[in-house]
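The structure file start_23.cif is reproduced below (mmCIF, C-alpha atoms (C1' of nucleotides)).
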```
data_work
loop_
_atom_site.label_atom_id
_atom_site.label_comp_id
_atom_site.auth_asym_id
_atom_site.auth_seq_id
_atom_site.Cartn_x
_atom_site.Cartn_y
_atom_site.Cartn_z
CA MET A 1112 -14.84 35.57 -4.56
CA VAL A 1113 -12.30 36.83 -6.98
CA ARG A 1114 -13.78 39.97 -8.33
CA THR A 1115 -10.82 41.51 -10.05
CA LYS A 1116 -10.10 40.87 -13.67
CA ALA A 1117 -7.28 38.49 -14.41
CA GLU A 1118 -4.54 40.83 -15.36
CA SER A 1119 -2.18 39.12 -17.73
CA GLN A 1120 -4.35 36.19 -18.68
CA LYS A 1121 -7.53 36.24 -20.60
CA CYS A 1122 -10.41 34.38 -19.14
CA CYS A 1123 -13.79 33.35 -20.48
CA THR A 1124 -12.66 33.29 -24.06
CA THR A 1125 -14.12 30.12 -25.48
CA GLY A 1126 -15.72 26.90 -24.43
CA GLU A 1127 -14.76 24.01 -26.63
CA LYS A 1128 -16.26 20.65 -26.07
CA MET A 1129 -14.09 18.86 -23.66
CA SER A 1130 -13.40 15.21 -23.30
CA LEU A 1131 -13.90 13.93 -19.83
CA PRO A 1132 -10.44 13.35 -18.45
CA ASP A 1133 -10.28 9.77 -17.42
CA VAL A 1134 -10.89 9.23 -13.78
CA ALA A 1135 -8.24 6.60 -13.32
CA TRP A 1136 -5.59 8.96 -14.52
CA ALA A 1137 -6.76 11.65 -12.13
CA GLU A 1138 -6.67 9.24 -9.24
CA ASP A 1139 -3.22 8.16 -10.23
CA LEU A 1140 -1.87 11.67 -10.16
CA ALA A 1141 -3.80 12.58 -7.06
CA LYS A 1142 -2.28 9.68 -5.23
CA LEU A 1143 1.22 10.77 -6.11
CA THR A 1144 0.66 14.41 -5.34
CA TRP A 1145 -1.03 13.47 -2.12
CA ALA A 1146 2.12 11.69 -1.04
CA MET A 1147 3.96 14.97 -1.52
CA ALA A 1148 1.23 17.04 0.06
CA HIS A 1149 2.92 17.33 3.42
CA PRO A 1150 6.01 19.40 4.23
CA ALA A 1151 7.58 16.56 6.18
CA ARG A 1152 7.23 14.18 3.26
CA VAL A 1153 8.56 16.74 0.84
CA ARG A 1154 11.59 17.16 3.05
CA ILE A 1155 12.11 13.45 3.34
CA VAL A 1156 12.04 13.07 -0.42
CA ARG A 1157 14.37 15.99 -0.78
CA LEU A 1158 16.64 14.43 1.78
CA LEU A 1159 16.78 11.15 -0.08
CA LEU A 1160 17.45 12.92 -3.33
CA ASN A 1161 20.37 14.85 -1.90
CA ARG A 1162 21.97 11.78 -0.50
CA THR A 1163 22.20 8.60 -2.44
CA SER A 1164 20.53 6.82 0.38
CA CYS A 1165 19.63 7.26 3.97
CA VAL A 1166 19.11 5.10 6.99
CA CYS A 1167 15.85 5.72 8.77
CA GLY A 1168 17.57 6.97 11.91
CA GLU A 1169 19.33 9.68 9.99
CA ILE A 1170 16.06 10.92 8.62
CA VAL A 1171 14.58 11.05 12.08
CA GLU A 1172 17.53 13.12 13.28
CA GLU A 1173 17.02 15.69 10.56
CA MET A 1174 13.34 16.08 11.23
CA PRO A 1175 11.71 17.80 14.20
CA LEU A 1176 9.36 14.90 14.61
CA ALA A 1177 9.11 11.78 16.70
CA GLN A 1178 10.48 8.57 15.29
CA SER A 1179 7.03 7.04 15.04
CA THR A 1180 5.76 10.00 13.08
CA VAL A 1181 8.62 9.85 10.63
CA SER A 1182 7.99 6.16 10.24
CA GLN A 1183 4.38 6.90 9.36
CA HIS A 1184 5.42 9.34 6.67
CA LEU A 1185 7.87 6.83 5.31
CA LYS A 1186 5.12 4.28 5.20
CA ILE A 1187 2.99 6.60 3.11
CA LEU A 1188 5.86 7.30 0.77
CA LYS A 1189 6.48 3.59 0.44
CA GLU A 1190 2.84 2.83 -0.23
CA THR A 1191 2.74 5.29 -3.08
CA GLY A 1192 5.95 3.82 -4.37
CA LEU A 1193 7.98 7.00 -4.26
CA VAL A 1194 10.40 5.50 -1.80
CA GLN A 1195 11.89 2.10 -1.29
CA GLY A 1196 13.09 0.59 1.95
CA GLU A 1197 15.73 -2.06 2.13
CA VAL A 1198 16.43 -3.95 5.30
CA ASP A 1199 20.10 -3.71 6.08
CA GLY A 1200 20.80 -5.68 9.20
CA PRO A 1201 19.09 -4.07 12.14
CA ARG A 1202 18.37 -0.90 10.21
CA VAL A 1203 16.40 0.08 7.15
CA CYS A 1204 17.90 2.00 4.33
CA TYR A 1205 15.63 4.19 2.29
CA CYS A 1206 16.09 5.50 -1.16
CA ILE A 1207 14.07 7.15 -3.86
CA ASN A 1208 12.30 4.99 -6.37
CA LYS A 1209 13.43 6.75 -9.50
CA ASP A 1210 10.76 5.21 -11.64
CA ALA A 1211 7.99 6.52 -9.43
CA MET A 1212 9.61 9.91 -9.24
CA ALA A 1213 9.87 9.97 -12.99
CA LYS A 1214 6.23 9.08 -13.26
CA LEU A 1215 5.25 11.91 -10.95
CA LYS A 1216 7.35 14.39 -12.89
CA LYS A 1217 5.95 13.18 -16.16
CA LEU A 1218 2.36 13.39 -15.06
CA ILE A 1219 2.86 16.88 -13.72
CA SER A 1220 4.80 18.13 -16.68
CA LYS A 1221 2.20 16.79 -19.09
CA LEU A 1222 -0.57 18.54 -17.32
CA MET B 599 8.28 -3.91 5.28
CA VAL B 600 10.08 -4.05 2.03
CA ARG B 601 12.33 -6.98 2.30
CA THR B 602 13.33 -7.48 -1.26
CA LYS B 603 16.41 -5.94 -2.70
CA ALA B 604 15.87 -2.99 -4.96
CA GLU B 605 16.45 -4.54 -8.32
CA SER B 606 17.64 -1.91 -10.70
CA GLN B 607 18.63 0.74 -8.22
CA LYS B 608 21.41 0.58 -5.73
CA CYS B 609 20.55 1.51 -2.23
CA CYS B 610 22.65 2.22 0.82
CA THR B 611 25.69 3.24 -1.13
CA THR B 612 26.92 6.36 0.57
CA GLY B 613 25.82 8.92 3.06
CA GLU B 614 27.12 12.34 2.28
CA LYS B 615 26.49 15.19 4.61
CA MET B 616 23.30 16.81 3.60
CA SER B 617 22.21 20.37 3.93
CA LEU B 618 18.85 20.72 5.57
CA PRO B 619 16.44 21.57 2.79
CA ASP B 620 14.80 24.81 3.70
CA VAL B 621 11.50 24.37 5.37
CA ALA B 622 9.79 27.25 3.61
CA TRP B 623 10.48 25.69 0.27
CA ALA B 624 9.06 22.38 1.41
CA GLU B 625 5.93 24.07 2.67
CA ASP B 626 5.61 25.90 -0.60
CA LEU B 627 5.70 22.75 -2.64
CA ALA B 628 3.54 20.86 -0.18
CA LYS B 629 0.88 23.50 -0.47
CA LEU B 630 0.77 23.25 -4.23
CA THR B 631 0.84 19.47 -4.31
CA TRP B 632 -1.80 19.40 -1.62
CA ALA B 633 -4.10 21.36 -3.88
CA MET B 634 -3.69 18.62 -6.47
CA ALA B 635 -3.97 15.84 -3.94
CA HIS B 636 -7.58 15.05 -4.67
CA PRO B 637 -8.93 13.39 -7.81
CA ALA B 638 -11.72 15.91 -8.13
CA ARG B 639 -9.30 18.81 -8.08
CA VAL B 640 -7.01 17.12 -10.54
CA ARG B 641 -9.93 16.67 -12.88
CA ILE B 642 -11.00 20.27 -12.48
CA VAL B 643 -7.52 21.47 -13.34
CA ARG B 644 -7.41 19.11 -16.26
CA LEU B 645 -10.78 20.39 -17.39
CA LEU B 646 -9.64 23.99 -17.29
CA LEU B 647 -6.50 23.14 -19.19
CA ASN B 648 -8.40 21.43 -21.95
CA ARG B 649 -10.71 24.31 -22.42
CA THR B 650 -9.51 27.84 -22.45
CA SER B 651 -11.97 28.63 -19.76
CA CYS B 652 -14.97 27.22 -18.05
CA VAL B 653 -18.02 28.48 -16.28
CA CYS B 654 -18.56 26.95 -12.86
CA GLY B 655 -21.79 25.28 -13.88
CA GLU B 656 -20.08 23.41 -16.66
CA ILE B 657 -17.56 22.05 -14.24
CA VAL B 658 -20.32 20.88 -11.94
CA GLU B 659 -21.98 19.09 -14.81
CA GLU B 660 -18.85 17.15 -15.60
CA MET B 661 -18.27 16.05 -12.05
CA PRO B 662 -20.22 13.46 -10.09
CA LEU B 663 -20.40 15.80 -7.14
CA ALA B 664 -22.83 18.26 -5.68
CA GLN B 665 -22.53 21.90 -6.67
CA SER B 666 -21.49 22.92 -3.18
CA THR B 667 -18.75 20.32 -3.14
CA VAL B 668 -17.36 21.47 -6.45
CA SER B 669 -17.46 25.01 -5.18
CA GLN B 670 -15.39 23.97 -2.19
CA HIS B 671 -12.77 22.38 -4.40
CA LEU B 672 -12.68 25.47 -6.54
CA LYS B 673 -12.16 27.54 -3.44
CA ILE B 674 -9.15 25.45 -2.49
CA LEU B 675 -7.72 25.75 -5.97
CA LYS B 676 -8.23 29.49 -5.84
CA GLU B 677 -6.62 29.82 -2.43
CA THR B 678 -3.51 28.08 -3.63
CA GLY B 679 -3.53 30.30 -6.67
CA LEU B 680 -3.73 27.54 -9.23
CA VAL B 681 -7.02 28.79 -10.53
CA GLN B 682 -8.59 32.17 -11.04
CA GLY B 683 -12.25 33.05 -10.98
CA GLU B 684 -13.71 35.95 -12.84
CA VAL B 685 -17.22 37.15 -12.26
CA ASP B 686 -19.05 37.26 -15.55
CA GLY B 687 -22.52 38.53 -14.99
CA PRO B 688 -24.47 36.05 -12.91
CA ARG B 689 -21.87 33.37 -13.42
CA VAL B 690 -18.25 32.85 -12.58
CA CYS B 691 -15.71 31.90 -15.16
CA TYR B 692 -12.72 29.92 -14.03
CA CYS B 693 -9.39 29.55 -15.68
CA ILE B 694 -5.95 28.27 -14.87
CA ASN B 695 -3.41 30.63 -13.43
CA LYS B 696 -0.55 29.83 -15.71
CA ASP B 697 2.03 31.37 -13.44
CA ALA B 698 1.04 29.17 -10.53
CA MET B 699 0.95 26.12 -12.76
CA ALA B 700 4.39 26.96 -14.03
CA LYS B 701 5.61 27.28 -10.48
CA LEU B 702 4.23 23.88 -9.58
CA LYS B 703 5.81 22.29 -12.61
CA LYS B 704 9.10 23.98 -11.92
CA LEU B 705 9.22 22.92 -8.29
CA ILE B 706 8.40 19.35 -9.19
CA SER B 707 10.78 19.14 -12.10
CA LYS B 708 13.61 20.52 -9.99
CA LEU B 709 13.10 17.97 -7.33
"C1'" DA C 637 -40.07 44.79 -6.63
"C1'" DA C 638 -40.13 40.21 -7.77
"C1'" DG C 639 -38.72 36.16 -9.71
"C1'" DA C 640 -35.30 33.13 -11.87
"C1'" DC C 641 -30.80 31.68 -12.10
"C1'" DA C 642 -25.74 30.90 -10.77
"C1'" DT C 643 -22.59 30.57 -7.21
"C1'" DA C 644 -20.88 30.85 -2.45
"C1'" DT C 645 -21.28 29.87 2.26
"C1'" DC C 646 -23.12 27.61 6.40
"C1'" DG C 647 -24.05 23.75 9.27
"C1'" DT C 648 -23.47 19.12 10.04
"C1'" DA C 649 -21.93 14.35 9.82
"C1'" DT C 650 -18.33 11.27 8.85
"C1'" DA C 651 -13.77 9.95 7.60
"C1'" DT C 652 -9.05 10.61 7.43
"C1'" DC C 653 -4.73 12.95 8.83
"C1'" DG C 654 -0.94 13.99 11.81
"C1'" DG C 655 1.15 13.74 16.01
"C1'" DC C 656 2.78 11.36 20.07
"C1'" DG C 657 4.04 7.78 23.61
"C1'" DA C 658 3.93 3.04 24.40
"C1'" DT C 659 4.71 -1.16 22.73
"C1'" DA C 660 5.84 -4.91 19.53
"C1'" DC C 661 8.95 -6.79 16.32
"C1'" DA C 662 13.40 -7.97 13.91
"C1'" DC C 663 18.13 -8.46 13.93
"C1'" DA C 664 22.84 -8.61 15.99
"C1'" DT C 665 25.76 -9.34 19.79
"C1'" DT C 666 27.07 -11.18 23.94
"C1'" DA D 486 18.71 -17.16 26.17
"C1'" DA D 487 19.18 -12.42 27.17
"C1'" DT D 488 20.08 -7.77 26.10
"C1'" DG D 489 20.42 -3.80 23.13
"C1'" DT D 490 19.47 -1.22 19.02
"C1'" DG D 491 16.71 0.29 15.25
"C1'" DT D 492 12.25 0.36 13.13
"C1'" DA D 493 7.30 -0.53 12.68
"C1'" DT D 494 2.81 -0.68 14.60
"C1'" DC D 495 -0.94 0.40 17.94
"C1'" DG D 496 -4.07 3.28 20.44
"C1'" DC D 497 -5.40 7.53 21.31
"C1'" DC D 498 -6.45 12.32 20.48
"C1'" DG D 499 -7.37 16.89 18.27
"C1'" DA D 500 -7.49 18.97 13.87
"C1'" DT D 501 -8.78 18.94 9.31
"C1'" DA D 502 -10.87 17.11 4.84
"C1'" DT D 503 -14.79 15.73 2.35
"C1'" DA D 504 -19.41 15.49 1.20
"C1'" DC D 505 -24.07 16.99 1.26
"C1'" DG D 506 -28.45 19.78 1.72
"C1'" DA D 507 -30.08 24.09 2.98
"C1'" DT D 508 -29.57 28.71 2.80
"C1'" DA D 509 -27.53 33.18 1.61
"C1'" DT D 510 -25.71 36.25 -1.81
"C1'" DG D 511 -25.47 38.35 -6.11
"C1'" DT D 512 -26.98 39.31 -10.82
"C1'" DC D 513 -29.77 39.61 -14.62
"C1'" DT D 514 -34.84 39.96 -16.48
"C1'" DT D 515 -39.37 41.23 -16.40
#
```
Write out the structure in this file as structure tokens.
Amino acid sequence: MVRTKAESQKCCTTGEKMSLPDVAWAEDLAKLTWAMAHPARVRIVRLLLNRTSCVCGEIVEEMPLAQSTVSQHLKILKETGLVQGEVDGPRVCYCINKDAMAKLKKLISKL
Amino acid sequence: MVRTKAESQKCCTTGEKMSLPDVAWAEDLAKLTWAMAHPARVRIVRLLLNRTSCVCGEIVEEMPLAQSTVSQHLKILKETGLVQGEVDGPRVCYCINKDAMAKLKKLISKL
DNA sequence: AAGACATATCGTATATCGGCGATACACATT
DNA sequence: AATGTGTATCGCCGATATACGATATGTCTT
């Protein structure tokens, strides 16, 4: 337990009636944050933001993980919509879905 | 697989050399996002932001979860620093750690 | 000291994650 | 058709998350 007083922030001041935050919204945000809740996925997103795009193989090279593992993480990022994959001949080119990223940033910033 | 072309966003344009994003930073962000990666925890945070503070029991009442489960989620939020608990007599009063929240928002916004 | 109350922790069951190698699949080239 | 290359999926495993009831801990009151 935290037994020390909160130093710079007051606690236990009031208790207004609160409106139940809608569950759907919470699940929405949780889904997005969950996608970013793994260092590998954070790095992948970061990678894709630094470059304009990235072929899957390049991502694998940058990560200390097996190709199949990276592919799994990419799948998760795709499912949450944060990343898009475009088939480019024999390879797949990934890029950030800016709309989804914007949504994540908005939801977090409006917390 | 995603087989459709990304409509409004160009993909596979260039491939600049990228600097490996530091792992520590990724782990930092992943830890914070992981704390928010569950609807129940998102709702708890939301709850604490709406009110200035909240006694544990009130949180339990608002959630469709057992008291022990809520306590577990609170523990996770405390461990990541997003929330602070202050013992107030027989009860515990929780509030948001604004510094940690600011850090989360900053890390996300600077993505 | 004893009881009532609030919260944390323990123990357990189940589900999901995260990792890998092996394999399947898709596309391009020969 | 056959081969090669790049990527996705499968099957498996250990580790961890999630949920709960039961119990322990701690704090007020009587």
Show me, as an NGL selection string, every residue of chain C with an atom at most 9 Å from chain A, counting all atoms listed in the file.
:C and (644 or 654-656 or 662-664)
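Residue list for chain D within 10 Å of chain B: DT492, DA493, DT503, DA504, DC505, DG506, DG511, DT512 and DC513 of chain D, counting all atoms listed in the file.
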Grab the atom CA of Leu680 of chain B to atom CA of Ser707 of chain B distance for me, in Å with one decimal place.
17.0 Å
Take chain A, superimpose it onto chain B by least squares using every C-alpha atom paired in sequence order, and output the result as a compact mmCIF listing (two decimals) with C-alpha atoms, in the frame of the given file.
```txt
# COMPACT_ATOMS: atom_id res chain seq x y z
CA MET A 1112 8.48 -3.67 5.56
CA VAL A 1113 10.17 -3.90 2.24
CA ARG A 1114 12.43 -6.85 2.55
CA THR A 1115 13.38 -7.43 -1.03
CA LYS A 1116 16.44 -5.87 -2.53
CA ALA A 1117 15.86 -2.95 -4.83
CA GLU A 1118 16.29 -4.52 -8.18
CA SER A 1119 17.49 -1.94 -10.63
CA GLN A 1120 18.55 0.72 -8.19
CA LYS A 1121 21.34 0.59 -5.74
CA CYS A 1122 20.55 1.55 -2.23
CA CYS A 1123 22.68 2.29 0.81
CA THR A 1124 25.67 3.35 -1.20
CA THR A 1125 26.91 6.47 0.51
CA GLY A 1126 25.87 9.05 3.02
CA GLU A 1127 27.14 12.49 2.19
CA LYS A 1128 26.51 15.33 4.50
CA MET A 1129 23.28 16.86 3.53
CA SER A 1130 22.11 20.39 3.80
CA LEU A 1131 18.80 20.74 5.49
CA PRO A 1132 16.34 21.56 2.76
CA ASP A 1133 14.72 24.78 3.70
CA VAL A 1134 11.41 24.36 5.37
CA ALA A 1135 9.72 27.22 3.61
CA TRP A 1136 10.42 25.68 0.27
CA ALA A 1137 9.00 22.35 1.39
CA GLU A 1138 5.86 24.02 2.63
CA ASP A 1139 5.54 25.86 -0.62
CA LEU A 1140 5.65 22.70 -2.66
CA ALA A 1141 3.50 20.79 -0.23
CA LYS A 1142 0.83 23.41 -0.50
CA LEU A 1143 0.75 23.15 -4.26
CA THR A 1144 0.82 19.39 -4.36
CA TRP A 1145 -1.83 19.27 -1.70
CA ALA A 1146 -4.11 21.26 -3.96
CA MET A 1147 -3.68 18.53 -6.55
CA ALA A 1148 -3.96 15.73 -4.04
CA HIS A 1149 -7.58 14.96 -4.79
CA PRO A 1150 -8.94 13.30 -7.93
CA ALA A 1151 -11.73 15.84 -8.24
CA ARG A 1152 -9.29 18.74 -8.15
CA VAL A 1153 -7.01 17.06 -10.63
CA ARG A 1154 -9.94 16.65 -12.97
CA ILE A 1155 -11.00 20.23 -12.53
CA VAL A 1156 -7.53 21.45 -13.39
CA ARG A 1157 -7.41 19.12 -16.33
CA LEU A 1158 -10.78 20.41 -17.42
CA LEU A 1159 -9.64 24.00 -17.30
CA LEU A 1160 -6.50 23.16 -19.20
CA ASN A 1161 -8.41 21.47 -21.99
CA ARG A 1162 -10.74 24.36 -22.42
CA THR A 1163 -9.54 27.89 -22.43
CA SER A 1164 -11.96 28.67 -19.71
CA CYS A 1165 -14.97 27.28 -18.00
CA VAL A 1166 -18.00 28.57 -16.21
CA CYS A 1167 -18.55 27.02 -12.82
CA GLY A 1168 -21.81 25.39 -13.88
CA GLU A 1169 -20.10 23.53 -16.65
CA ILE A 1170 -17.59 22.11 -14.24
CA VAL A 1171 -20.35 20.94 -11.96
CA GLU A 1172 -22.03 19.17 -14.87
CA GLU A 1173 -18.89 17.25 -15.70
CA MET A 1174 -18.32 16.11 -12.17
CA PRO A 1175 -20.30 13.50 -10.23
CA LEU A 1176 -20.45 15.80 -7.27
CA ALA A 1177 -22.86 18.27 -5.76
CA GLN A 1178 -22.51 21.90 -6.70
CA SER A 1179 -21.47 22.85 -3.18
CA THR A 1180 -18.74 20.25 -3.19
CA VAL A 1181 -17.35 21.43 -6.49
CA SER A 1182 -17.42 24.95 -5.17
CA GLN A 1183 -15.36 23.84 -2.20
CA HIS A 1184 -12.75 22.29 -4.44
CA LEU A 1185 -12.66 25.42 -6.53
CA LYS A 1186 -12.14 27.43 -3.41
CA ILE A 1187 -9.13 25.33 -2.50
CA LEU A 1188 -7.71 25.68 -5.98
CA LYS A 1189 -8.22 29.41 -5.80
CA GLU A 1190 -6.60 29.69 -2.40
CA THR A 1191 -3.48 27.96 -3.63
CA GLY A 1192 -3.52 30.21 -6.65
CA LEU A 1193 -3.71 27.47 -9.24
CA VAL A 1194 -7.01 28.75 -10.51
CA GLN A 1195 -8.53 32.14 -10.99
CA GLY A 1196 -12.19 33.05 -10.90
CA GLU A 1197 -13.62 35.99 -12.73
CA VAL A 1198 -17.13 37.19 -12.10
CA ASP A 1199 -18.95 37.39 -15.38
CA GLY A 1200 -22.42 38.68 -14.76
CA PRO A 1201 -24.37 36.18 -12.73
CA ARG A 1202 -21.80 33.46 -13.29
CA VAL A 1203 -18.16 32.90 -12.49
CA CYS A 1204 -15.66 31.95 -15.09
CA TYR A 1205 -12.68 29.94 -14.01
CA CYS A 1206 -9.37 29.55 -15.66
CA ILE A 1207 -5.94 28.25 -14.87
CA ASN A 1208 -3.41 30.60 -13.40
CA LYS A 1209 -0.53 29.82 -15.69
CA ASP A 1210 2.03 31.34 -13.42
CA ALA A 1211 1.05 29.12 -10.53
CA MET A 1212 0.94 26.09 -12.76
CA ALA A 1213 4.38 26.94 -14.03
CA LYS A 1214 5.61 27.25 -10.49
CA LEU A 1215 4.23 23.84 -9.59
CA LYS A 1216 5.82 22.26 -12.64
CA LYS A 1217 9.10 23.93 -11.94
CA LEU A 1218 9.22 22.88 -8.33
CA ILE A 1219 8.40 19.31 -9.23
CA SER A 1220 10.79 19.11 -12.12
CA LYS A 1221 13.62 20.52 -10.03
CA LEU A 1222 13.12 17.97 -7.36
```
Quick check, in Å to one decimal: how far apart do atom CA of Trp1145 of chain A and atom CA of Pro662 of chain B lie?
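Atom CA of Pro662 of chain B lies at a distance of 20.8 Å from atom CA of Trp1145 of chain A.
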Specify as a list of chain:residue names each residue included when the PyMOL selection byres ((chain B and resi 647) around 10) is applied to this file.
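Applied to this file, the PyMOL selection byres ((chain B and resi 647) around 10) returns A:Met1129, A:Leu1222, B:Arg641, B:Ile642, B:Val643, B:Arg644, B:Leu645, B:Leu646, B:Asn648, B:Arg649, B:Thr650, B:Ser651, B:Cys652, B:Cys693, B:Ile694, B:Asn695, B:Lys696.
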Take the PyMOL selection byres ((chain C and resi 653) around 10), run it mentally on this structure, and tell me the resulting residues as a PyMOL selection string.
(chain C and resi 651-652+654-655) or (chain D and resi 500-502)
All residues 9 Å or closer to Gly655 of chain B, all atoms listed in the file, same chain fewer than 4 positions away omitted, as a ChimeraX atom specification
/B:659-660,665,689-690 /C:642-643
Quick one: distance from atom CA of Leu627 of chain B to atom CA of Lys1217 of chain A in Å, one decimal?
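So the answer is 16.6 Å.
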Taking the file as I've supplied it (selection: the PyMOL selection byres ((chain D and resi 497) around 12)), which residues are included? Please answer as JSON, numbers by chain.
{"C": [655, 656, 657, 658], "D": [495, 496, 498, 499]}
So, with all atoms listed in the file as the atoms that count, which of A:Lys1214, A:Ile1187, A:Tyr1205, A:Lys1221 lies closest to Met1147 of chain A?
A:Ile1187
Find the spatial neighbours of Asp1139 of chain A, counting only C-alpha atoms (C1' of nucleotides), within a cut-off of 10 Å - ignore same-chain residues fewer than 3 positions away - and output them as a list in words.
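Non-adjacent residues within range: Val1134, Ala1135, Trp1136, Lys1142, Leu1143, Thr1144, Trp1145, Thr1191, Lys1214, Leu1215 and Leu1218 of chain A; Ala635, His636, Pro637 and Val640 of chain B.
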Spatial neighbours of DA507 of chain D, 12 Å, all atoms listed in the file, chain gap at least 5 places, as a list in words:
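Here the qualifying residues turn out to be Ser666 of chain B; DT645, DC646, DG647 and DT648 of chain C.
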Preceding selection exported with C-alpha atoms (C1' of nucleotides) as an mmCIF file, in the frame of the given file:
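Below you can see part-v2.cif, which holds the result:
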```cif
data_model
loop_
_atom_site.group_PDB
_atom_site.id
_atom_site.type_symbol
_atom_site.label_atom_id
_atom_site.label_comp_id
_atom_site.auth_asym_id
_atom_site.auth_seq_id
_atom_site.Cartn_x
_atom_site.Cartn_y
_atom_site.Cartn_z
ATOM 1 C CA SER B 666 -21.490 22.920 -3.180
ATOM 2 C "C1'" DT C 645 -21.280 29.870 2.260
ATOM 3 C "C1'" DC C 646 -23.120 27.610 6.400
ATOM 4 C "C1'" DG C 647 -24.050 23.750 9.270
ATOM 5 C "C1'" DT C 648 -23.470 19.120 10.040
#
```
Given the choices A:Ala1137, A:Ala1211, A:Ile1219, A:Met1174, which gets closest to Val1194 of chain A if the distance is worked out from only C-alpha atoms?
A:Ala1211
Model the absent atoms of segment 1167-1185 of chain A so that N, CA and C atoms are present, and write the result as a PDB file, in the frame of the given file.
```pdb
ATOM      1  N   CYS A1167      17.013   5.134   8.113  1.00  0.00           N
ATOM      2  CA  CYS A1167      15.850   5.720   8.770  1.00  0.00           C
ATOM      3  C   CYS A1167      16.239   6.643   9.917  1.00  0.00           C
ATOM      4  N   GLY A1168      17.147   6.191  10.754  1.00  0.00           N
ATOM      5  CA  GLY A1168      17.570   6.970  11.910  1.00  0.00           C
ATOM      6  C   GLY A1168      18.102   8.339  11.546  1.00  0.00           C
ATOM      7  N   GLU A1169      18.786   8.399  10.434  1.00  0.00           N
ATOM      8  CA  GLU A1169      19.330   9.680   9.990  1.00  0.00           C
ATOM      9  C   GLU A1169      18.213  10.639   9.612  1.00  0.00           C
ATOM     10  N   ILE A1170      17.203  10.097   8.988  1.00  0.00           N
ATOM     11  CA  ILE A1170      16.060  10.920   8.620  1.00  0.00           C
ATOM     12  C   ILE A1170      15.408  11.481   9.869  1.00  0.00           C
ATOM     13  N   VAL A1171      15.213  10.624  10.833  1.00  0.00           N
ATOM     14  CA  VAL A1171      14.580  11.050  12.080  1.00  0.00           C
ATOM     15  C   VAL A1171      15.372  12.197  12.709  1.00  0.00           C
ATOM     16  N   GLU A1172      16.695  12.075  12.676  1.00  0.00           N
ATOM     17  CA  GLU A1172      17.530  13.120  13.280  1.00  0.00           C
ATOM     18  C   GLU A1172      17.337  14.473  12.613  1.00  0.00           C
ATOM     19  N   GLU A1173      17.131  14.437  11.307  1.00  0.00           N
ATOM     20  CA  GLU A1173      17.020  15.690  10.560  1.00  0.00           C
ATOM     21  C   GLU A1173      15.652  16.339  10.723  1.00  0.00           C
ATOM     22  N   MET A1174      14.702  15.567  11.167  1.00  0.00           N
ATOM     23  CA  MET A1174      13.340  16.080  11.230  1.00  0.00           C
ATOM     24  C   MET A1174      12.951  16.402  12.674  1.00  0.00           C
ATOM     25  N   PRO A1175      12.159  17.439  12.848  1.00  0.00           N
ATOM     26  CA  PRO A1175      11.710  17.800  14.200  1.00  0.00           C
ATOM     27  C   PRO A1175      10.472  17.015  14.602  1.00  0.00           C
ATOM     28  N   LEU A1176      10.527  15.736  14.354  1.00  0.00           N
ATOM     29  CA  LEU A1176       9.360  14.900  14.610  1.00  0.00           C
ATOM     30  C   LEU A1176       9.787  13.632  15.341  1.00  0.00           C
ATOM     31  N   ALA A1177       8.832  13.028  15.992  1.00  0.00           N
ATOM     32  CA  ALA A1177       9.110  11.780  16.700  1.00  0.00           C
ATOM     33  C   ALA A1177       9.392  10.669  15.708  1.00  0.00           C
ATOM     34  N   GLN A1178      10.107   9.684  16.166  1.00  0.00           N
ATOM     35  CA  GLN A1178      10.480   8.570  15.290  1.00  0.00           C
ATOM     36  C   GLN A1178       9.244   7.893  14.713  1.00  0.00           C
ATOM     37  N   SER A1179       8.235   7.724  15.524  1.00  0.00           N
ATOM     38  CA  SER A1179       7.030   7.040  15.040  1.00  0.00           C
ATOM     39  C   SER A1179       6.351   7.850  13.943  1.00  0.00           C
ATOM     40  N   THR A1180       6.383   9.142  14.092  1.00  0.00           N
ATOM     41  CA  THR A1180       5.760  10.000  13.080  1.00  0.00           C
ATOM     42  C   THR A1180       6.508   9.920  11.760  1.00  0.00           C
ATOM     43  N   VAL A1181       7.819   9.973  11.851  1.00  0.00           N
ATOM     44  CA  VAL A1181       8.620   9.850  10.630  1.00  0.00           C
ATOM     45  C   VAL A1181       8.354   8.504   9.972  1.00  0.00           C
ATOM     46  N   SER A1182       8.249   7.496  10.777  1.00  0.00           N
ATOM     47  CA  SER A1182       7.990   6.160  10.240  1.00  0.00           C
ATOM     48  C   SER A1182       6.659   6.116   9.503  1.00  0.00           C
ATOM     49  N   GLN A1183       5.683   6.827  10.024  1.00  0.00           N
ATOM     50  CA  GLN A1183       4.380   6.900   9.360  1.00  0.00           C
ATOM     51  C   GLN A1183       4.519   7.551   7.985  1.00  0.00           C
ATOM     52  N   HIS A1184       5.244   8.649   7.948  1.00  0.00           N
ATOM     53  CA  HIS A1184       5.420   9.340   6.670  1.00  0.00           C
ATOM     54  C   HIS A1184       6.159   8.452   5.682  1.00  0.00           C
ATOM     55  N   LEU A1185       7.137   7.741   6.184  1.00  0.00           N
ATOM     56  CA  LEU A1185       7.870   6.830   5.310  1.00  0.00           C
ATOM     57  C   LEU A1185       6.950   5.733   4.782  1.00  0.00           C
TER      58      LEU A1185
END
```
